$ cat run.txt   # compact mmCIF, C-alpha atoms
# COMPACT_ATOMS: atom_id res chain seq x y z
CA MET A 4 66.22 -152.10 -42.58
CA PRO A 5 69.60 -153.59 -43.57
CA GLU A 6 69.96 -157.35 -43.25
CA ILE A 7 71.71 -158.40 -40.03
CA ARG A 8 74.62 -160.78 -40.56
CA PRO A 9 74.67 -163.88 -38.34
CA LYS A 10 76.82 -163.50 -35.23
CA ILE A 11 78.18 -167.08 -35.31
CA ARG A 12 80.89 -167.47 -37.96
CA LEU A 13 82.53 -170.77 -38.80
CA PHE A 14 85.40 -171.70 -41.11
CA VAL A 15 84.59 -174.70 -43.28
CA ASP A 16 86.80 -176.65 -45.67
CA ALA A 17 84.19 -176.98 -48.40
CA ASP A 18 83.16 -175.11 -51.53
CA LEU A 19 80.52 -172.47 -50.87
CA GLY A 20 77.77 -171.09 -53.06
CA PRO A 21 73.99 -170.73 -53.19
CA ASP A 22 72.29 -174.01 -52.16
CA ALA A 23 75.60 -175.71 -51.32
CA ALA A 24 75.07 -178.41 -48.68
CA LEU A 25 77.33 -178.52 -45.63
CA GLU A 26 77.96 -181.28 -43.11
CA LEU A 27 79.26 -179.70 -39.91
CA SER A 28 80.11 -182.71 -37.78
CA ALA A 29 83.27 -181.14 -36.31
CA GLN A 30 81.31 -178.08 -35.16
CA ALA A 31 78.14 -179.92 -34.08
CA ASN A 32 78.88 -179.91 -30.35
CA TYR A 33 79.71 -176.20 -30.40
CA LEU A 34 76.59 -175.29 -32.37
CA VAL A 35 74.06 -177.53 -30.59
CA ASN A 36 75.34 -177.84 -27.01
CA VAL A 37 77.24 -174.59 -26.52
CA MET A 38 75.40 -172.07 -28.70
CA ARG A 39 72.02 -173.86 -28.55
CA LYS A 40 71.40 -173.64 -32.27
CA GLY A 41 68.83 -175.82 -34.01
CA VAL A 42 66.76 -176.31 -37.14
CA GLY A 43 65.91 -173.03 -38.83
CA ASP A 44 68.73 -171.03 -37.24
CA VAL A 45 71.16 -169.21 -39.51
CA ILE A 46 74.93 -169.08 -39.12
CA ALA A 47 77.72 -167.56 -41.24
CA VAL A 48 80.28 -169.78 -42.96
CA PHE A 49 83.43 -168.99 -44.95
CA ASN A 50 86.30 -171.00 -46.43
CA GLY A 51 88.91 -168.37 -47.27
CA ARG A 52 88.09 -168.65 -51.00
CA ASP A 53 84.45 -167.93 -51.75
CA GLY A 54 83.54 -165.16 -49.31
CA GLU A 55 81.00 -165.53 -46.51
CA PHE A 56 77.55 -167.11 -46.81
CA ALA A 57 74.53 -167.34 -44.56
CA ALA A 58 73.77 -171.02 -43.96
CA GLU A 59 70.45 -172.33 -42.63
CA ILE A 60 70.53 -175.35 -40.33
CA LEU A 61 68.33 -178.14 -41.69
CA LYS A 62 69.16 -180.94 -39.25
CA ALA A 63 70.83 -180.70 -35.86
CA SER A 64 72.08 -183.33 -33.43
CA LYS A 65 74.90 -183.56 -30.92
CA ARG A 66 77.10 -185.34 -33.45
CA ASN A 67 76.17 -183.77 -36.75
CA VAL A 68 74.66 -180.62 -38.20
CA LEU A 69 73.45 -180.32 -41.77
CA ALA A 70 73.11 -176.86 -43.27
CA VAL A 71 72.59 -175.28 -46.67
CA CYS A 72 74.06 -172.04 -47.97
CA ARG A 73 71.63 -169.28 -48.82
CA ALA A 74 72.77 -165.78 -49.80
CA GLN A 75 76.31 -164.48 -49.78
CA THR A 76 76.74 -162.05 -46.90
CA ALA A 77 80.28 -160.80 -47.63
CA PRO A 78 82.71 -161.10 -50.54
CA LEU A 79 86.22 -162.48 -50.30
CA VAL A 80 88.49 -159.61 -49.23
CA LEU A 81 92.16 -160.32 -49.83
CA PRO A 82 94.84 -158.66 -47.69
CA PRO A 83 97.89 -156.90 -49.15
CA ASP A 84 100.63 -159.22 -50.40
CA LEU A 85 102.48 -159.12 -47.07
CA TRP A 86 104.34 -161.97 -45.37
CA LEU A 87 105.11 -161.96 -41.68
CA ILE A 88 108.33 -163.84 -40.91
CA PHE A 89 109.17 -164.41 -37.27
CA ALA A 90 111.39 -166.52 -35.04
CA PRO A 91 109.19 -168.63 -32.72
CA ILE A 92 109.25 -167.81 -29.02
CA LYS A 93 107.34 -169.20 -26.04
CA LYS A 94 104.15 -171.05 -26.93
CA ALA A 95 101.55 -168.50 -25.80
CA ARG A 96 103.43 -165.60 -27.35
CA THR A 97 103.92 -167.45 -30.63
CA ASP A 98 100.16 -168.08 -30.66
CA PHE A 99 99.67 -164.34 -30.10
CA ILE A 100 101.87 -163.43 -33.07
CA VAL A 101 99.96 -165.75 -35.40
CA GLU A 102 96.57 -164.51 -34.20
CA LYS A 103 97.50 -160.84 -34.57
CA ALA A 104 99.12 -161.40 -37.96
CA ALA A 105 95.86 -162.91 -39.21
CA GLU A 106 93.83 -160.06 -37.74
CA MET A 107 96.08 -157.34 -39.12
CA GLY A 108 96.21 -158.51 -42.70
CA ALA A 109 99.14 -160.84 -43.28
CA ALA A 110 98.75 -162.89 -46.44
CA ARG A 111 101.22 -165.53 -45.27
CA ILE A 112 102.90 -166.36 -41.96
CA LEU A 113 106.37 -167.94 -41.98
CA PRO A 114 108.13 -169.14 -38.82
CA VAL A 115 111.91 -169.33 -39.19
CA MET A 116 114.72 -170.77 -37.14
CA THR A 117 117.60 -168.41 -36.41
CA ARG A 118 120.82 -168.93 -34.49
CA PHE A 119 119.33 -167.58 -31.26
CA THR A 120 115.82 -169.01 -31.63
CA ASN A 121 114.79 -170.67 -28.39
CA ALA A 122 111.40 -172.31 -28.78
CA GLU A 123 109.61 -175.60 -28.39
CA ARG A 124 108.80 -177.73 -31.41
CA LEU A 125 106.08 -176.03 -33.40
CA ARG A 126 102.82 -177.67 -34.39
CA ILE A 127 101.92 -175.92 -37.61
CA ASP A 128 98.41 -177.40 -37.60
CA ARG A 129 97.73 -175.81 -34.21
CA LEU A 130 99.06 -172.44 -35.37
CA GLN A 131 96.90 -172.68 -38.49
CA THR A 132 93.90 -173.25 -36.23
CA HIS A 133 94.75 -170.04 -34.37
CA ALA A 134 94.81 -168.15 -37.67
CA ILE A 135 91.40 -169.60 -38.56
CA GLU A 136 89.94 -168.66 -35.17
CA ALA A 137 91.23 -165.11 -35.55
CA ALA A 138 89.46 -164.80 -38.91
CA GLU A 139 86.27 -166.27 -37.44
CA GLN A 140 86.21 -163.79 -34.58
CA CYS A 141 87.20 -160.70 -36.55
CA GLY A 142 84.93 -161.03 -39.56
CA GLY A 143 87.67 -161.91 -42.03
CA THR A 144 86.91 -163.90 -45.16
CA PHE A 145 90.56 -164.78 -45.88
CA VAL A 146 92.81 -167.04 -43.78
CA PRO A 147 96.60 -166.73 -44.14
CA GLU A 148 98.65 -169.87 -44.57
CA VAL A 149 101.04 -170.74 -41.75
CA ALA A 150 104.03 -172.20 -43.58
CA GLU A 151 106.34 -174.94 -42.38
CA VAL A 152 109.36 -173.84 -40.38
CA ARG A 153 112.49 -173.02 -42.38
CA LYS A 154 115.98 -171.93 -41.46
CA LEU A 155 116.51 -168.22 -42.01
CA ASP A 156 119.63 -168.59 -44.14
CA ARG A 157 117.85 -171.01 -46.49
CA LEU A 158 114.88 -168.67 -46.79
CA LEU A 159 117.16 -165.78 -47.69
CA SER A 160 119.24 -167.83 -50.13
CA ASP A 161 116.34 -168.06 -52.59
CA TRP A 162 114.54 -164.84 -51.69
CA PRO A 163 112.17 -163.67 -54.49
CA GLU A 164 113.62 -160.80 -56.51
CA ASP A 165 110.29 -158.97 -56.61
CA ARG A 166 109.57 -159.02 -52.85
CA HIS A 167 110.79 -156.28 -50.53
CA LEU A 168 111.87 -157.21 -47.01
CA MET A 169 111.44 -154.94 -44.00
CA PHE A 170 114.09 -156.01 -41.51
CA CYS A 171 113.43 -154.84 -37.95
CA ASP A 172 116.95 -154.18 -36.64
CA GLU A 173 116.98 -153.89 -32.85
CA ARG A 174 120.50 -152.45 -32.95
CA GLN A 175 119.00 -149.19 -34.23
CA THR A 176 121.52 -148.61 -36.98
CA ALA A 177 118.81 -147.96 -39.56
CA LEU A 178 116.21 -145.29 -40.24
CA PRO A 179 113.04 -145.04 -38.13
CA VAL A 180 110.31 -147.14 -39.70
CA ALA A 181 108.10 -144.21 -40.79
CA GLU A 182 111.02 -142.45 -42.49
CA ALA A 183 112.30 -145.64 -44.13
CA LEU A 184 108.90 -146.60 -45.55
CA SER A 185 108.11 -143.10 -46.80
CA THR A 186 110.47 -143.62 -49.76
CA GLN A 187 109.26 -147.14 -50.60
CA SER A 188 106.59 -148.25 -53.03
CA LYS A 189 103.69 -150.63 -52.57
CA GLY A 190 103.87 -154.16 -53.89
CA LYS A 191 105.06 -157.50 -52.55
CA TRP A 192 106.54 -157.18 -49.06
CA ALA A 193 107.63 -159.19 -46.05
CA ILE A 194 108.36 -158.18 -42.46
CA LEU A 195 111.04 -160.00 -40.48
CA ILE A 196 110.93 -160.11 -36.67
CA GLY A 197 113.90 -161.62 -34.87
CA PRO A 198 114.17 -163.85 -31.80
CA GLU A 199 114.45 -162.68 -28.20
CA GLY A 200 118.23 -162.86 -28.46
CA GLY A 201 118.34 -160.83 -31.67
CA PHE A 202 120.07 -161.79 -34.90
CA SER A 203 123.62 -163.08 -35.04
CA SER A 204 126.26 -160.97 -36.79
CA ASP A 205 126.30 -163.43 -39.71
CA GLU A 206 122.52 -163.22 -40.09
CA ALA A 207 122.62 -159.42 -39.94
CA LEU A 208 125.26 -159.38 -42.69
CA LEU A 209 123.11 -161.62 -44.88
CA LEU A 210 120.13 -159.36 -44.39
CA HIS A 211 121.97 -156.11 -45.06
CA ALA A 212 123.50 -157.63 -48.20
CA LEU A 213 120.08 -158.48 -49.64
CA PRO A 214 119.21 -155.84 -52.29
CA GLN A 215 115.51 -156.05 -51.46
CA CYS A 216 116.09 -155.45 -47.72
CA THR A 217 115.00 -152.25 -45.97
CA PRO A 218 116.40 -152.10 -42.40
CA VAL A 219 114.22 -150.16 -39.96
CA THR A 220 114.05 -149.37 -36.27
CA LEU A 221 110.83 -149.42 -34.27
CA GLY A 222 111.73 -146.59 -31.94
CA PRO A 223 114.02 -145.94 -28.98
CA ARG A 224 112.79 -148.88 -26.89
CA ILE A 225 113.65 -152.56 -27.31
CA LEU A 226 110.37 -154.40 -27.89
CA ARG A 227 109.51 -157.99 -27.13
CA ALA A 228 109.15 -160.07 -30.26
CA ASP A 229 105.36 -160.31 -30.06
CA THR A 230 105.03 -156.56 -29.48
CA ALA A 231 107.45 -155.85 -32.33
CA ALA A 232 105.39 -157.95 -34.73
CA VAL A 233 102.24 -155.93 -34.02
CA ALA A 234 104.08 -152.59 -34.12
CA ALA A 235 105.84 -153.42 -37.39
CA MET A 236 102.67 -154.60 -39.12
CA ALA A 237 100.77 -151.51 -37.96
CA ALA A 238 103.50 -149.20 -39.28
CA TRP A 239 103.65 -151.02 -42.62
CA GLN A 240 99.87 -151.03 -43.02
CA MET A 241 99.71 -147.29 -42.34
CA HIS A 242 102.33 -146.44 -44.99
CA LEU A 243 102.09 -149.14 -47.65
CA GLY A 244 99.10 -151.33 -46.80
CA ASP A 245 95.33 -151.04 -46.98
CA TRP A 246 94.73 -148.86 -43.90
CA GLY A 247 95.06 -145.59 -45.77
$ encode --input "run.txt" --output "structure tokens"
Amino acid sequence: MPEIRPKIRLFVDADLGPDAALELSAQANYLVNVMRKGVGDVIAVFNGRDGEFAAEILKASKRNVLAVCRAQTAPLVLPPDLWLIFAPIKKARTDFIVEKAAEMGAARILPVMTRFTNAERLRIDRLQTHAIEAAEQCGGTFVPEVAEVRKLDRLLSDWPEDRHLMFCDERQTALPVAEALSTQSKGKWAILIGPEGGFSSDEALLLHALPQCTPVTLGPRILRADTAAVAAMAAWQMHLGDWG
């Protein structure tokens, strides 16, 4: 019979390998009091670099758990080189965007401030935690970085020459996303999702002037920003990503 992978998966900020020792003090309460795990139980651990390992619990208390890595249970699987760039919105919906970006294969997540961005101050550490939790729950072995907030015009001013940009234009002056991507090649890409108020005319001009920019529409309906992020990533993954 095939070996069954442990159901509990935890992200750890430590190097992993056979016989590597782990001190899981931050997760002790969850493991011991919530999941009722103890000495001899096996959990899965990953760090976003070394793949996933089965780890056997050697000591367990309410404040600390000691474990040791045994066999590797999954290799590191990197996503396509895709950035998701989005203008932050309301807290819960921003959390949703970060979680879904991690689940759907973003390599990097970049919040940007635009003219019409209307959002509370972002805590990047909290958003990074959401990305980690998404990887834990969905079996991922890679965790995308959530970058510090930047202004959109500054991001575009030093845009990498070798990275394509898919610009979701809610004004519907561009080709439908499937048609636009059908003529593009794989490689380094980014997807840009605007704020609830859309992009300003100056921002739109900057984007359309960028040689690497591919304007697209996501259909005949205006989508909320969080819905647009999921729809755009799904379309890109189908045409240029690793879903095919």
$ closest_residue --input "run.txt" --among "A:Leu158, A:Ala105, A:Val115, A:Val68" --to "Thr132 in chain A" --atoms "only C-alpha atoms"
A:Ala105
$ atom_distance --input "run.txt" --atom1 "CA of Leu210 in chain A" --atom2 "CA of Phe170 in chain A"
7.5 Å
$ atom_distance --input "run.txt" --atom1 "CA of Gln30 in chain A" --atom2 "CA of Asp98 in chain A"
21.8 Å
$ atom_distance --input "run.txt" --atom1 "CA of Lys94 in chain A" --atom2 "CA of Ala109 in chain A"
19.9 Å
$ residues_near_point --input "run.txt" --point "(89.6, -163.9, -34.2)" --cutoff "12 Å" --atoms "all atoms listed in the file" --output "ChimeraX atom specification"
/A:11-14,98-99,101-107,132-146
$ write_last_selection --input "run.txt" --atoms "C-alpha atoms" --output "tab-separated table (two decimals), keeping the file's coordinate frame"
chain	number	residue	atom	x	y	z
A	11	ILE	CA	78.18	-167.08	-35.31
A	12	ARG	CA	80.89	-167.47	-37.96
A	13	LEU	CA	82.53	-170.77	-38.80
A	14	PHE	CA	85.40	-171.70	-41.11
A	98	ASP	CA	100.16	-168.08	-30.66
A	99	PHE	CA	99.67	-164.34	-30.10
A	101	VAL	CA	99.96	-165.75	-35.40
A	102	GLU	CA	96.57	-164.51	-34.20
A	103	LYS	CA	97.50	-160.84	-34.57
A	104	ALA	CA	99.12	-161.40	-37.96
A	105	ALA	CA	95.86	-162.91	-39.21
A	106	GLU	CA	93.83	-160.06	-37.74
A	107	MET	CA	96.08	-157.34	-39.12
A	132	THR	CA	93.90	-173.25	-36.23
A	133	HIS	CA	94.75	-170.04	-34.37
A	134	ALA	CA	94.81	-168.15	-37.67
A	135	ILE	CA	91.40	-169.60	-38.56
A	136	GLU	CA	89.94	-168.66	-35.17
A	137	ALA	CA	91.23	-165.11	-35.55
A	138	ALA	CA	89.46	-164.80	-38.91
A	139	GLU	CA	86.27	-166.27	-37.44
A	140	GLN	CA	86.21	-163.79	-34.58
A	141	CYS	CA	87.20	-160.70	-36.55
A	142	GLY	CA	84.93	-161.03	-39.56
A	143	GLY	CA	87.67	-161.91	-42.03
A	144	THR	CA	86.91	-163.90	-45.16
A	145	PHE	CA	90.56	-164.78	-45.88
A	146	VAL	CA	92.81	-167.04	-43.78
$ residues_around --input "run.txt" --residues "Glu148 in chain A" --least-positions-apart "2" --cutoff "7 Å" --atoms "all atoms listed in the file" --output "VMD selection string"
chain A and resid 111 to 112 131 146 150
$ closest_residue --input "run.txt" --among "A:Leu243, A:Asn32, A:Arg227, A:Asp53" --to "Gly201 in chain A" --atoms "all atoms listed in the file"
A:Arg227
$ closest_residue --input "run.txt" --among "A:His211, A:Val149, A:Met241, A:Ser203" --to "Leu184 in chain A" --atoms "only C-alpha atoms"
A:Met241
$ residues_around --input "run.txt" --residues "Phe56 in chain A" --least-positions-apart "4" --cutoff "7 Å" --atoms "all atoms listed in the file" --output "list in words"
Ala47, Val48, Phe49, Cys72, Arg73, Ala74, Gln75, Thr76 and Ala77 of chain A
$ residues_around --input "run.txt" --residues "Asn36 in chain A" --least-positions-apart "4" --cutoff "12 Å" --atoms "all atoms listed in the file" --output "list in words"
Gln30, Ala31, Asn32, Lys40, Gly41, Ala63, Ser64, Lys65, Arg66, Asn67 and Val68 of chain A
$ closest_residue --input "run.txt" --among "A:Thr217, A:Glu173, A:Ala193, A:Asp128" --to "Leu85 in chain A" --atoms "only C-alpha atoms"
A:Ala193
$ residues_around --input "run.txt" --residues "Trp246 in chain A" --least-positions-apart "4" --cutoff "12 Å" --atoms "all atoms listed in the file" --output "PyMOL selection string"
chain A and resi 82-83+107-108+236-242
$ closest_residue --input "run.txt" --among "A:Pro198, A:Gly51, A:Pro147, A:Pro163" --to "Asn121 in chain A" --atoms "all atoms listed in the file"
A:Pro198
$ residues_around --input "run.txt" --residues "Thr230 in chain A" --least-positions-apart "6" --cutoff "10 Å" --atoms "all atoms listed in the file" --output "list of chain:residue names"
A:Arg96, A:Phe99, A:Ile100, A:Ile196
$ closest_residue --input "run.txt" --among "A:Gln187, A:Leu130, A:Ile88, A:Leu209" --to "Ala231 in chain A" --atoms "only C-alpha atoms"
A:Ile88
$ decode --input "run.txt" --residues "range 105-129 of chain A" --atoms "N, CA, C and O atoms" --output "PDB file, in the first residue's frame"
ATOM      1  N   ALA A 105      -1.943  32.649  -3.364  1.00  0.00           N
ATOM      2  CA  ALA A 105      -1.042  31.584  -2.910  1.00  0.00           C
ATOM      3  C   ALA A 105      -1.528  30.225  -3.373  1.00  0.00           C
ATOM      4  O   ALA A 105      -0.739  29.380  -3.810  1.00  0.00           O
ATOM      5  N   GLU A 106      -2.826  29.987  -3.294  1.00  0.00           N
ATOM      6  CA  GLU A 106      -3.389  28.705  -3.714  1.00  0.00           C
ATOM      7  C   GLU A 106      -3.238  28.467  -5.213  1.00  0.00           C
ATOM      8  O   GLU A 106      -3.000  27.338  -5.655  1.00  0.00           O
ATOM      9  N   MET A 107      -3.371  29.535  -6.001  1.00  0.00           N
ATOM     10  CA  MET A 107      -3.446  29.389  -7.445  1.00  0.00           C
ATOM     11  C   MET A 107      -2.110  29.518  -8.152  1.00  0.00           C
ATOM     12  O   MET A 107      -2.047  29.461  -9.375  1.00  0.00           O
ATOM     13  N   GLY A 108      -1.038  29.684  -7.401  1.00  0.00           N
ATOM     14  CA  GLY A 108       0.277  29.603  -8.013  1.00  0.00           C
ATOM     15  C   GLY A 108       0.970  30.903  -8.301  1.00  0.00           C
ATOM     16  O   GLY A 108       1.767  30.981  -9.253  1.00  0.00           O
ATOM     17  N   ALA A 109       0.732  31.934  -7.516  1.00  0.00           N
ATOM     18  CA  ALA A 109       1.522  33.159  -7.655  1.00  0.00           C
ATOM     19  C   ALA A 109       2.887  32.951  -7.019  1.00  0.00           C
ATOM     20  O   ALA A 109       2.996  32.380  -5.936  1.00  0.00           O
ATOM     21  N   ALA A 110       3.925  33.424  -7.684  1.00  0.00           N
ATOM     22  CA  ALA A 110       5.271  33.331  -7.121  1.00  0.00           C
ATOM     23  C   ALA A 110       5.584  34.504  -6.206  1.00  0.00           C
ATOM     24  O   ALA A 110       6.443  34.397  -5.331  1.00  0.00           O
ATOM     25  N   ARG A 111       4.875  35.623  -6.410  1.00  0.00           N
ATOM     26  CA  ARG A 111       5.092  36.818  -5.604  1.00  0.00           C
ATOM     27  C   ARG A 111       3.818  37.635  -5.609  1.00  0.00           C
ATOM     28  O   ARG A 111       3.097  37.678  -6.615  1.00  0.00           O
ATOM     29  N   ILE A 112       3.512  38.275  -4.476  1.00  0.00           N
ATOM     30  CA  ILE A 112       2.291  39.055  -4.330  1.00  0.00           C
ATOM     31  C   ILE A 112       2.696  40.482  -3.964  1.00  0.00           C
ATOM     32  O   ILE A 112       3.395  40.698  -2.973  1.00  0.00           O
ATOM     33  N   LEU A 113       2.236  41.451  -4.772  1.00  0.00           N
ATOM     34  CA  LEU A 113       2.679  42.836  -4.589  1.00  0.00           C
ATOM     35  C   LEU A 113       1.476  43.767  -4.450  1.00  0.00           C
ATOM     36  O   LEU A 113       0.796  44.051  -5.438  1.00  0.00           O
ATOM     37  N   PRO A 114       1.188  44.264  -3.262  1.00  0.00           N
ATOM     38  CA  PRO A 114       0.159  45.297  -3.108  1.00  0.00           C
ATOM     39  C   PRO A 114       0.693  46.642  -3.577  1.00  0.00           C
ATOM     40  O   PRO A 114       1.864  46.975  -3.327  1.00  0.00           O
ATOM     41  N   VAL A 115      -0.156  47.405  -4.271  1.00  0.00           N
ATOM     42  CA  VAL A 115       0.264  48.719  -4.766  1.00  0.00           C
ATOM     43  C   VAL A 115      -0.792  49.764  -4.429  1.00  0.00           C
ATOM     44  O   VAL A 115      -1.985  49.463  -4.348  1.00  0.00           O
ATOM     45  N   MET A 116      -0.334  50.974  -4.252  1.00  0.00           N
ATOM     46  CA  MET A 116      -1.233  52.090  -4.008  1.00  0.00           C
ATOM     47  C   MET A 116      -1.470  52.824  -5.318  1.00  0.00           C
ATOM     48  O   MET A 116      -0.527  53.206  -6.010  1.00  0.00           O
ATOM     49  N   THR A 117      -2.732  52.997  -5.664  1.00  0.00           N
ATOM     50  CA  THR A 117      -3.110  53.732  -6.859  1.00  0.00           C
ATOM     51  C   THR A 117      -3.867  54.994  -6.430  1.00  0.00           C
ATOM     52  O   THR A 117      -4.145  55.201  -5.247  1.00  0.00           O
ATOM     53  N   ARG A 118      -4.219  55.810  -7.402  1.00  0.00           N
ATOM     54  CA  ARG A 118      -4.905  57.059  -7.075  1.00  0.00           C
ATOM     55  C   ARG A 118      -6.226  56.796  -6.354  1.00  0.00           C
ATOM     56  O   ARG A 118      -6.607  57.535  -5.434  1.00  0.00           O
ATOM     57  N   PHE A 119      -6.939  55.767  -6.765  1.00  0.00           N
ATOM     58  CA  PHE A 119      -8.263  55.514  -6.197  1.00  0.00           C
ATOM     59  C   PHE A 119      -8.277  54.389  -5.164  1.00  0.00           C
ATOM     60  O   PHE A 119      -9.341  53.895  -4.805  1.00  0.00           O
ATOM     61  N   THR A 120      -7.097  53.968  -4.705  1.00  0.00           N
ATOM     62  CA  THR A 120      -7.047  52.945  -3.662  1.00  0.00           C
ATOM     63  C   THR A 120      -7.663  53.487  -2.379  1.00  0.00           C
ATOM     64  O   THR A 120      -7.308  54.578  -1.925  1.00  0.00           O
ATOM     65  N   ASN A 121      -8.560  52.712  -1.815  1.00  0.00           N
ATOM     66  CA  ASN A 121      -9.219  53.106  -0.564  1.00  0.00           C
ATOM     67  C   ASN A 121      -9.157  51.916   0.386  1.00  0.00           C
ATOM     68  O   ASN A 121     -10.012  51.034   0.351  1.00  0.00           O
ATOM     69  N   ALA A 122      -8.120  51.884   1.198  1.00  0.00           N
ATOM     70  CA  ALA A 122      -7.914  50.726   2.074  1.00  0.00           C
ATOM     71  C   ALA A 122      -7.242  51.166   3.363  1.00  0.00           C
ATOM     72  O   ALA A 122      -6.576  52.202   3.420  1.00  0.00           O
ATOM     73  N   GLU A 123      -7.427  50.347   4.390  1.00  0.00           N
ATOM     74  CA  GLU A 123      -6.759  50.588   5.652  1.00  0.00           C
ATOM     75  C   GLU A 123      -5.267  50.284   5.509  1.00  0.00           C
ATOM     76  O   GLU A 123      -4.824  49.682   4.536  1.00  0.00           O
ATOM     77  N   ARG A 124      -4.504  50.718   6.496  1.00  0.00           N
ATOM     78  CA  ARG A 124      -3.068  50.432   6.498  1.00  0.00           C
ATOM     79  C   ARG A 124      -2.851  48.921   6.511  1.00  0.00           C
ATOM     80  O   ARG A 124      -3.466  48.186   7.293  1.00  0.00           O
ATOM     81  N   LEU A 125      -1.985  48.459   5.624  1.00  0.00           N
ATOM     82  CA  LEU A 125      -1.740  47.033   5.515  1.00  0.00           C
ATOM     83  C   LEU A 125      -0.685  46.568   6.502  1.00  0.00           C
ATOM     84  O   LEU A 125       0.313  47.256   6.731  1.00  0.00           O
ATOM     85  N   ARG A 126      -0.919  45.396   7.070  1.00  0.00           N
ATOM     86  CA  ARG A 126       0.103  44.714   7.854  1.00  0.00           C
ATOM     87  C   ARG A 126       0.641  43.569   7.011  1.00  0.00           C
ATOM     88  O   ARG A 126      -0.013  42.528   6.852  1.00  0.00           O
ATOM     89  N   ILE A 127       1.819  43.770   6.445  1.00  0.00           N
ATOM     90  CA  ILE A 127       2.374  42.784   5.530  1.00  0.00           C
ATOM     91  C   ILE A 127       2.634  41.461   6.244  1.00  0.00           C
ATOM     92  O   ILE A 127       2.468  40.383   5.663  1.00  0.00           O
ATOM     93  N   ASP A 128       3.022  41.519   7.534  1.00  0.00           N
ATOM     94  CA  ASP A 128       3.262  40.278   8.267  1.00  0.00           C
ATOM     95  C   ASP A 128       1.990  39.444   8.381  1.00  0.00           C
ATOM     96  O   ASP A 128       2.028  38.209   8.280  1.00  0.00           O
ATOM     97  N   ARG A 129       0.852  40.109   8.560  1.00  0.00           N
ATOM     98  CA  ARG A 129      -0.414  39.372   8.654  1.00  0.00           C
ATOM     99  C   ARG A 129      -0.798  38.766   7.306  1.00  0.00           C
ATOM    100  O   ARG A 129      -1.257  37.622   7.247  1.00  0.00           O
TER     101      ARG A 129
END
